[in-house]
>>> print(open('run04.pdb').read())   # PDB, C-alpha atoms
ATOM      1  CA  MET A   9     -22.420   0.350  17.699
ATOM      2  CA  ALA A  10     -20.136   1.986  20.237
ATOM      3  CA  PRO A  11     -16.661   3.227  19.299
ATOM      4  CA  PRO A  12     -13.842   0.775  19.910
ATOM      5  CA  THR A  13     -12.655   1.926  23.327
ATOM      6  CA  SER A  14     -11.713  -1.299  25.035
ATOM      7  CA  SER A  15      -8.088  -2.240  25.452
ATOM      8  CA  ALA A  16      -8.587  -5.385  23.389
ATOM      9  CA  SER A  17     -10.065  -3.482  20.434
ATOM     10  CA  ARG A  18      -7.197  -0.968  20.532
ATOM     11  CA  ILE A  19      -4.667  -3.814  20.470
ATOM     12  CA  VAL A  20      -6.467  -5.567  17.590
ATOM     13  CA  THR A  21      -6.496  -2.288  15.653
ATOM     14  CA  LEU A  22      -2.775  -1.842  16.358
ATOM     15  CA  LEU A  23      -2.057  -5.383  15.154
ATOM     16  CA  LEU A  24      -4.009  -4.752  11.957
ATOM     17  CA  LYS A  25      -2.026  -1.553  11.386
ATOM     18  CA  PHE A  26       1.223  -3.417  11.971
ATOM     19  CA  PHE A  27       0.159  -6.171   9.517
ATOM     20  CA  ASN A  28      -0.705  -3.436   7.016
ATOM     21  CA  PHE A  29       2.776  -1.938   7.474
ATOM     22  CA  VAL A  30       4.415  -5.340   6.867
ATOM     23  CA  LEU A  31       2.417  -5.820   3.646
ATOM     24  CA  LEU A  32       3.344  -2.353   2.410
ATOM     25  CA  PHE A  33       7.008  -2.729   3.320
ATOM     26  CA  ILE A  34       7.364  -6.097   1.564
ATOM     27  CA  SER A  35       5.536  -4.729  -1.481
ATOM     28  CA  LEU A  36       7.920  -1.770  -1.509
ATOM     29  CA  ILE A  37      10.989  -4.016  -1.374
ATOM     30  CA  VAL A  38       9.708  -6.344  -4.103
ATOM     31  CA  LEU A  39       8.832  -3.427  -6.386
ATOM     32  CA  THR A  40      12.074  -1.499  -5.964
ATOM     33  CA  THR A  41      14.261  -4.557  -6.534
ATOM     34  CA  ASN A  42      12.407  -5.618  -9.671
ATOM     35  CA  THR A  43      14.741  -5.494 -12.671
ATOM     36  CA  ALA A  44      15.238  -7.705 -15.688
ATOM     37  CA  THR A  45      17.214  -7.893 -18.895
ATOM     38  CA  ALA A  46      15.228  -7.633 -22.089
ATOM     39  CA  TYR A  47      16.637  -8.640 -25.432
ATOM     40  CA  THR A  48      15.903  -9.182 -29.087
ATOM     41  CA  GLU A  49      18.226 -10.477 -31.778
ATOM     42  CA  ASP A  50      19.966  -7.090 -32.058
ATOM     43  CA  LEU A  51      19.358  -5.330 -28.755
ATOM     44  CA  THR A  52      19.850  -5.942 -25.042
ATOM     45  CA  PHE A  53      18.821  -3.557 -22.252
ATOM     46  CA  LYS A  54      17.793  -3.421 -18.588
ATOM     47  CA  VAL A  55      14.153  -2.980 -17.635
ATOM     48  CA  ARG A  56      13.643  -1.359 -14.236
ATOM     49  CA  PHE A  57      10.473  -0.457 -12.388
ATOM     50  CA  ASN A  58      11.365   3.262 -12.300
ATOM     51  CA  GLY A  59      11.393   3.479 -16.093
ATOM     52  CA  ILE A  60       7.646   2.816 -16.192
ATOM     53  CA  TYR A  61       5.286   5.573 -15.016
ATOM     54  CA  ALA A  62       2.621   3.275 -13.572
ATOM     55  CA  TYR A  63       5.212   1.523 -11.411
ATOM     56  CA  ARG A  64       6.413   4.915 -10.195
ATOM     57  CA  TYR A  65       2.830   5.769  -9.245
ATOM     58  CA  MET A  66       2.599   2.419  -7.493
ATOM     59  CA  LEU A  67       5.799   3.267  -5.613
ATOM     60  CA  ALA A  68       4.453   6.678  -4.579
ATOM     61  CA  THR A  69       1.193   5.227  -3.245
ATOM     62  CA  ASN A  70       3.191   2.589  -1.401
ATOM     63  CA  VAL A  71       5.436   5.202   0.229
ATOM     64  CA  PHE A  72       2.419   7.314   1.250
ATOM     65  CA  GLY A  73       0.880   4.172   2.745
ATOM     66  CA  VAL A  74       4.037   3.296   4.693
ATOM     67  CA  VAL A  75       4.398   6.827   6.108
ATOM     68  CA  TYR A  76       0.715   7.071   7.059
ATOM     69  CA  THR A  77       0.698   3.608   8.617
ATOM     70  CA  LEU A  78       3.809   4.356  10.688
ATOM     71  CA  LEU A  79       2.165   7.557  11.896
ATOM     72  CA  GLN A  80      -1.002   5.662  12.807
ATOM     73  CA  ILE A  81       0.997   2.970  14.625
ATOM     74  CA  ALA A  82       2.720   5.679  16.697
ATOM     75  CA  PHE A  83      -0.642   7.288  17.534
ATOM     76  CA  SER A  84      -2.096   3.886  18.499
ATOM     77  CA  ILE A  85       0.845   3.013  20.752
ATOM     78  CA  PHE A  86       0.550   6.417  22.439
ATOM     79  CA  HIS A  87      -3.187   5.863  22.927
ATOM     80  CA  ILE A  88      -2.683   2.383  24.418
ATOM     81  CA  ILE A  89       0.129   3.459  26.767
ATOM     82  CA  MET A  90      -1.217   6.840  27.880
ATOM     83  CA  GLY A  91      -4.922   6.030  27.732
ATOM     84  CA  ASN A  92      -5.845   9.188  25.847
ATOM     85  CA  HIS A  93      -5.571  10.472  22.302
ATOM     86  CA  LEU A  94      -2.652  12.574  21.137
ATOM     87  CA  ILE A  95      -5.067  14.878  19.297
ATOM     88  CA  SER A  96      -7.846  16.064  21.593
ATOM     89  CA  GLY A  97     -11.492  16.426  20.693
ATOM     90  CA  ASP A  98     -12.918  15.055  17.471
ATOM     91  CA  GLY A  99      -9.724  15.823  15.507
ATOM     92  CA  GLY A 100      -8.067  12.456  16.112
ATOM     93  CA  ALA A 101     -11.138  10.469  15.104
ATOM     94  CA  LEU A 102     -11.618  12.599  12.005
ATOM     95  CA  LEU A 103      -7.938  12.261  11.062
ATOM     96  CA  ASP A 104      -8.193   8.481  11.377
ATOM     97  CA  PHE A 105     -11.426   8.320   9.412
ATOM     98  CA  TYR A 106     -10.522  10.611   6.519
ATOM     99  CA  GLY A 107      -6.873   9.551   6.448
ATOM    100  CA  ASP A 108      -7.883   5.891   6.190
ATOM    101  CA  LYS A 109     -10.299   6.743   3.373
ATOM    102  CA  VAL A 110      -7.736   8.705   1.352
ATOM    103  CA  ILE A 111      -4.913   6.200   1.846
ATOM    104  CA  SER A 112      -7.146   3.229   1.054
ATOM    105  CA  TYR A 113      -8.165   4.791  -2.262
ATOM    106  CA  LEU A 114      -4.549   5.602  -3.076
ATOM    107  CA  LEU A 115      -3.496   2.010  -2.334
ATOM    108  CA  ALA A 116      -6.326   0.621  -4.447
ATOM    109  CA  THR A 117      -5.406   2.780  -7.443
ATOM    110  CA  GLY A 118      -1.714   1.961  -7.007
ATOM    111  CA  ALA A 119      -2.460  -1.764  -7.040
ATOM    112  CA  ALA A 120      -4.733  -1.373 -10.068
ATOM    113  CA  ALA A 121      -2.039   0.574 -11.921
ATOM    114  CA  GLY A 122       0.486  -2.159 -11.136
ATOM    115  CA  PHE A 123      -1.769  -4.946 -12.380
ATOM    116  CA  GLY A 124      -2.804  -3.020 -15.480
ATOM    117  CA  VAL A 125       0.650  -1.987 -16.635
ATOM    118  CA  THR A 126       2.049  -5.478 -16.062
ATOM    119  CA  VAL A 127      -0.610  -7.007 -18.306
ATOM    120  CA  ASP A 128      -0.009  -4.341 -20.956
ATOM    121  CA  LEU A 129       3.785  -4.672 -20.807
ATOM    122  CA  LYS A 130       3.643  -8.427 -21.212
ATOM    123  CA  ALA A 131       1.284  -8.171 -24.187
ATOM    124  CA  THR A 132       3.331  -5.394 -25.812
ATOM    125  CA  PHE A 133       6.694  -7.061 -25.272
ATOM    126  CA  ASP A 134       5.366 -10.362 -26.606
ATOM    127  CA  ALA A 135       3.866  -8.630 -29.655
ATOM    128  CA  ILE A 136       7.134  -6.953 -30.655
ATOM    129  CA  GLY A 137       9.229 -10.035 -29.959
ATOM    130  CA  LEU A 138      11.036  -8.659 -26.918
ATOM    131  CA  VAL A 139      12.123 -11.464 -24.603
ATOM    132  CA  ILE A 140      12.163 -10.711 -20.879
ATOM    133  CA  ASP A 141      12.511 -12.977 -17.886
ATOM    134  CA  LYS A 142       9.064 -13.893 -16.562
ATOM    135  CA  SER A 143      10.228 -13.236 -12.989
ATOM    136  CA  PHE A 144       9.922  -9.516 -13.791
ATOM    137  CA  TYR A 145       6.179  -9.956 -14.320
ATOM    138  CA  GLU A 146       5.828 -12.273 -11.335
ATOM    139  CA  LYS A 147       7.511  -9.773  -9.007
ATOM    140  CA  ALA A 148       5.332  -6.972 -10.338
ATOM    141  CA  TYR A 149       2.203  -9.069  -9.751
ATOM    142  CA  ALA A 150       3.430  -9.989  -6.252
ATOM    143  CA  SER A 151       4.044  -6.358  -5.347
ATOM    144  CA  ALA A 152       0.638  -5.288  -6.689
ATOM    145  CA  SER A 153      -1.044  -8.165  -4.840
ATOM    146  CA  LEU A 154       0.545  -7.140  -1.549
ATOM    147  CA  LEU A 155      -0.529  -3.566  -2.203
ATOM    148  CA  LEU A 156      -4.072  -4.790  -2.833
ATOM    149  CA  LEU A 157      -4.040  -6.704   0.472
ATOM    150  CA  ALA A 158      -2.797  -3.541   2.199
ATOM    151  CA  PHE A 159      -5.768  -1.718   0.664
ATOM    152  CA  VAL A 160      -8.107  -4.311   2.186
ATOM    153  CA  CYS A 161      -6.488  -3.832   5.616
ATOM    154  CA  THR A 162      -6.775  -0.058   5.322
ATOM    155  CA  ALA A 163     -10.404  -0.340   4.216
ATOM    156  CA  ILE A 164     -11.144  -2.486   7.287
ATOM    157  CA  LEU A 165      -9.387   0.090   9.470
ATOM    158  CA  SER A 166     -11.496   2.775   7.799
ATOM    159  CA  VAL A 167     -14.671   0.957   8.780
ATOM    160  CA  ILE A 168     -13.401   0.562  12.341
ATOM    161  CA  SER A 169     -12.432   4.240  12.544
ATOM    162  CA  SER A 170     -15.880   5.271  11.312
ATOM    163  CA  TYR A 171     -17.354   4.024  14.588
ATOM    164  CA  ALA A 172     -15.279   6.566  16.515
ATOM    165  CA  VAL A 173     -16.491   9.536  14.436
ATOM    166  CA  PRO A 174     -19.091  11.487  16.386
ATOM    167  CA  LYS A 175     -22.584  11.061  15.037
ATOM    168  CA  LYS A 176     -23.784  14.531  14.054
ATOM    169  CA  VAL A 177     -27.033  14.798  12.178
TER     170      VAL A 177
END
>>> encode(input="run04.pdb", output="structure tokens")
Amino acid sequence: MAPPTSSASRIVTLLLKFFNFVLLFISLIVLTTNTATAYTEDLTFKVRFNGIYAYRYMLATNVFGVVYTLLQIAFSIFHIIMGNHLISGDGGALLDFYGDKVISYLLATGAAAGFGVTVDLKATFDAIGLVIDKSFYEKAYASASLLLLAFVCTAILSVISSYAVPKKV
């Protein structure tokens, strides 16, 4: 299959990158605004996402994804407007290919960490009798789900970018 060089394929790729950015940005907002009050008979305290290591990892992967996606959107817009790549030779194709691979794996592990810690927190808090608003768990699941969808978009972009990598045997 030939590399995606037509104007239509470049625009579709740009739209997919923009959709990926929207997913990551919404996930970032949902995660960073996720707080709740936890209480028992004797104790009341705030639970925030940044007090839990797995959510911090999720945040870091999300931020890396946002920065990389914005960079890729800028490169794509330059390519569509100017008609040539910002990075000459095989460097641009290799950056797209390997960057998409690395970021997609980071997003997948960030989403998995978010799902896993949310399940564990709920089970642990329930076991010790700590009452917390269920919206905390729902927001965490929503953020992890959006991150998982962003992984799927990045994986699709990785497949598309693999067609532009020169075939060297």
>>> closest_atom_pairs(input="run04.pdb", of="region 71-147 of chain A", to="region 54-65 of chain A", cutoff="8 Å", atoms="only C-alpha atoms", output="JSON lines")
{"residue": "A:Gly118", "atom": "CA", "partner": "A:Tyr65", "partner_atom": "CA", "distance": 6.3}
{"residue": "A:Ala121", "atom": "CA", "partner": "A:Ala62", "partner_atom": "CA", "distance": 5.6}
{"residue": "A:Gly122", "atom": "CA", "partner": "A:Tyr63", "partner_atom": "CA", "distance": 6.0}
{"residue": "A:Val125", "atom": "CA", "partner": "A:Ala62", "partner_atom": "CA", "distance": 6.4}
>>> residues_around(input="run04.pdb", residues="Leu22 (chain A)", least_positions_apart="5", cutoff="12 Å", atoms="all atoms listed in the file", output="JSON, numbers by chain")
{"A": [12, 15, 16, 17, 27, 28, 29, 77, 78, 79, 80, 81, 82, 83, 84, 85, 86, 87, 88, 161, 162, 165, 168]}
>>> write_last_selection(input="run04.pdb", atoms="C-alpha atoms", output="PDB file, in the coordinates of the input")
ATOM      1  CA  PRO A  12     -13.842   0.775  19.910  1.00  0.00           C
ATOM      2  CA  SER A  15      -8.088  -2.240  25.452  1.00  0.00           C
ATOM      3  CA  ALA A  16      -8.587  -5.385  23.389  1.00  0.00           C
ATOM      4  CA  SER A  17     -10.065  -3.482  20.434  1.00  0.00           C
ATOM      5  CA  PHE A  27       0.159  -6.171   9.517  1.00  0.00           C
ATOM      6  CA  ASN A  28      -0.705  -3.436   7.016  1.00  0.00           C
ATOM      7  CA  PHE A  29       2.776  -1.938   7.474  1.00  0.00           C
ATOM      8  CA  THR A  77       0.698   3.608   8.617  1.00  0.00           C
ATOM      9  CA  LEU A  78       3.809   4.356  10.688  1.00  0.00           C
ATOM     10  CA  LEU A  79       2.165   7.557  11.896  1.00  0.00           C
ATOM     11  CA  GLN A  80      -1.002   5.662  12.807  1.00  0.00           C
ATOM     12  CA  ILE A  81       0.997   2.970  14.625  1.00  0.00           C
ATOM     13  CA  ALA A  82       2.720   5.679  16.697  1.00  0.00           C
ATOM     14  CA  PHE A  83      -0.642   7.288  17.534  1.00  0.00           C
ATOM     15  CA  SER A  84      -2.096   3.886  18.499  1.00  0.00           C
ATOM     16  CA  ILE A  85       0.845   3.013  20.752  1.00  0.00           C
ATOM     17  CA  PHE A  86       0.550   6.417  22.439  1.00  0.00           C
ATOM     18  CA  HIS A  87      -3.187   5.863  22.927  1.00  0.00           C
ATOM     19  CA  ILE A  88      -2.683   2.383  24.418  1.00  0.00           C
ATOM     20  CA  CYS A 161      -6.488  -3.832   5.616  1.00  0.00           C
ATOM     21  CA  THR A 162      -6.775  -0.058   5.322  1.00  0.00           C
ATOM     22  CA  LEU A 165      -9.387   0.090   9.470  1.00  0.00           C
ATOM     23  CA  ILE A 168     -13.401   0.562  12.341  1.00  0.00           C
TER      24      ILE A 168
END
>>> closest_residue(input="run04.pdb", among="A:Thr132, A:Ser112, A:Thr41, A:Thr69", to="Ile164 (chain A)", atoms="only C-alpha atoms")
A:Ser112
>>> closest_residue(input="run04.pdb", among="A:Met90, A:Ala44, A:Leu39, A:Leu129", to="Ala148 (chain A)", atoms="only C-alpha atoms")
A:Leu39
>>> resolve_selection(input="run04.pdb", expression="the PyMOL selection byres ((chain A and resi 108) around 10)", output="ChimeraX atom specification")
/A:73,76-77,80,102-107,109-114,159,161-170
>>> decode(input="run04.pdb", residues="region 130-142 of chain A", atoms="all heavy atoms", output="JSON list (two decimals), in the first residue's frame")
[["chain", "number", "residue", "atom", "x", "y", "z"],
["A", 130, "LYS", "N", -12.01, 1.37, 45.33],
["A", 130, "LYS", "CA", -13.40, 1.11, 45.71],
["A", 130, "LYS", "C", -13.49, -0.11, 46.63],
["A", 130, "LYS", "O", -14.15, -0.06, 47.66],
["A", 130, "LYS", "CB", -14.28, 0.91, 44.48],
["A", 130, "LYS", "CG", -15.74, 0.73, 44.83],
["A", 130, "LYS", "CD", -16.61, 0.88, 43.63],
["A", 130, "LYS", "CE", -18.08, 0.70, 43.88],
["A", 130, "LYS", "NZ", -18.56, 0.52, 45.22],
["A", 131, "ALA", "N", -12.80, -1.18, 46.28],
["A", 131, "ALA", "CA", -12.82, -2.39, 47.11],
["A", 131, "ALA", "C", -12.21, -2.13, 48.48],
["A", 131, "ALA", "O", -12.76, -2.56, 49.50],
["A", 131, "ALA", "CB", -12.07, -3.51, 46.40],
["A", 132, "THR", "N", -11.10, -1.41, 48.52],
["A", 132, "THR", "CA", -10.43, -1.12, 49.79],
["A", 132, "THR", "C", -11.27, -0.21, 50.67],
["A", 132, "THR", "O", -11.44, -0.46, 51.87],
["A", 132, "THR", "CB", -9.05, -0.48, 49.54],
["A", 132, "THR", "OG1", -8.27, -1.38, 48.75],
["A", 132, "THR", "CG2", -8.33, -0.20, 50.84],
["A", 133, "PHE", "N", -11.79, 0.87, 50.09],
["A", 133, "PHE", "CA", -12.60, 1.80, 50.86],
["A", 133, "PHE", "C", -13.87, 1.12, 51.39],
["A", 133, "PHE", "O", -14.28, 1.37, 52.52],
["A", 133, "PHE", "CB", -12.97, 3.03, 50.04],
["A", 133, "PHE", "CG", -11.83, 3.99, 49.82],
["A", 133, "PHE", "CD1", -11.96, 5.05, 48.94],
["A", 133, "PHE", "CD2", -10.61, 3.85, 50.47],
["A", 133, "PHE", "CE1", -10.93, 5.95, 48.73],
["A", 133, "PHE", "CE2", -9.57, 4.73, 50.26],
["A", 133, "PHE", "CZ", -9.73, 5.78, 49.39],
["A", 134, "ASP", "N", -14.48, 0.29, 50.58],
["A", 134, "ASP", "CA", -15.67, -0.44, 51.03],
["A", 134, "ASP", "C", -15.33, -1.42, 52.16],
["A", 134, "ASP", "O", -16.09, -1.58, 53.11],
["A", 134, "ASP", "CB", -16.33, -1.19, 49.87],
["A", 134, "ASP", "CG", -17.02, -0.27, 48.88],
["A", 134, "ASP", "OD1", -17.22, 0.92, 49.19],
["A", 134, "ASP", "OD2", -17.36, -0.74, 47.77],
["A", 135, "ALA", "N", -14.16, -2.06, 52.05],
["A", 135, "ALA", "CA", -13.76, -3.05, 53.06],
["A", 135, "ALA", "C", -13.49, -2.41, 54.42],
["A", 135, "ALA", "O", -13.76, -3.02, 55.46],
["A", 135, "ALA", "CB", -12.53, -3.82, 52.58],
["A", 136, "ILE", "N", -12.96, -1.20, 54.44],
["A", 136, "ILE", "CA", -12.65, -0.57, 55.72],
["A", 136, "ILE", "C", -13.77, 0.34, 56.21],
["A", 136, "ILE", "O", -13.64, 0.99, 57.25],
["A", 136, "ILE", "CB", -11.31, 0.21, 55.66],
["A", 136, "ILE", "CG1", -11.38, 1.36, 54.65],
["A", 136, "ILE", "CG2", -10.15, -0.71, 55.37],
["A", 136, "ILE", "CD1", -10.17, 2.26, 54.66],
["A", 137, "GLY", "N", -14.85, 0.38, 55.45],
["A", 137, "GLY", "CA", -16.01, 1.17, 55.88],
["A", 137, "GLY", "C", -15.89, 2.66, 55.62],
["A", 137, "GLY", "O", -16.57, 3.47, 56.25],
["A", 138, "LEU", "N", -15.06, 3.04, 54.67],
["A", 138, "LEU", "CA", -14.90, 4.44, 54.31],
["A", 138, "LEU", "C", -15.94, 4.78, 53.25],
["A", 138, "LEU", "O", -16.01, 4.14, 52.21],
["A", 138, "LEU", "CB", -13.49, 4.66, 53.77],
["A", 138, "LEU", "CG", -13.02, 6.09, 53.60],
["A", 138, "LEU", "CD1", -12.96, 6.79, 54.95],
["A", 138, "LEU", "CD2", -11.65, 6.11, 52.96],
["A", 139, "VAL", "N", -16.74, 5.78, 53.53],
["A", 139, "VAL", "CA", -17.80, 6.18, 52.60],
["A", 139, "VAL", "C", -17.28, 7.33, 51.75],
["A", 139, "VAL", "O", -16.74, 8.31, 52.25],
["A", 139, "VAL", "CB", -19.07, 6.62, 53.38],
["A", 139, "VAL", "CG1", -20.15, 7.06, 52.41],
["A", 139, "VAL", "CG2", -19.56, 5.50, 54.27],
["A", 140, "ILE", "N", -17.44, 7.18, 50.44],
["A", 140, "ILE", "CA", -17.01, 8.22, 49.49],
["A", 140, "ILE", "C", -18.07, 8.32, 48.41],
["A", 140, "ILE", "O", -18.70, 7.32, 48.04],
["A", 140, "ILE", "CB", -15.62, 7.89, 48.92],
["A", 140, "ILE", "CG1", -15.06, 9.06, 48.13],
["A", 140, "ILE", "CG2", -15.65, 6.66, 48.09],
["A", 140, "ILE", "CD1", -13.60, 8.91, 47.77],
["A", 141, "ASP", "N", -18.27, 9.52, 47.92],
["A", 141, "ASP", "CA", -19.26, 9.75, 46.88],
["A", 141, "ASP", "C", -18.90, 8.94, 45.64],
["A", 141, "ASP", "O", -17.76, 8.95, 45.19],
["A", 141, "ASP", "CB", -19.31, 11.24, 46.54],
["A", 141, "ASP", "CG", -20.42, 11.59, 45.57],
["A", 141, "ASP", "OD1", -21.37, 10.79, 45.43],
["A", 141, "ASP", "OD2", -20.34, 12.67, 44.96],
["A", 142, "LYS", "N", -19.88, 8.24, 45.07],
["A", 142, "LYS", "CA", -19.59, 7.38, 43.93],
["A", 142, "LYS", "C", -19.22, 8.18, 42.68],
["A", 142, "LYS", "O", -18.65, 7.63, 41.75],
["A", 142, "LYS", "CB", -20.74, 6.43, 43.65],
["A", 142, "LYS", "CG", -21.96, 7.04, 43.03],
["A", 142, "LYS", "CD", -22.98, 5.97, 42.72],
["A", 142, "LYS", "CE", -24.12, 6.57, 41.91],
["A", 142, "LYS", "NZ", -25.01, 5.56, 41.43]]
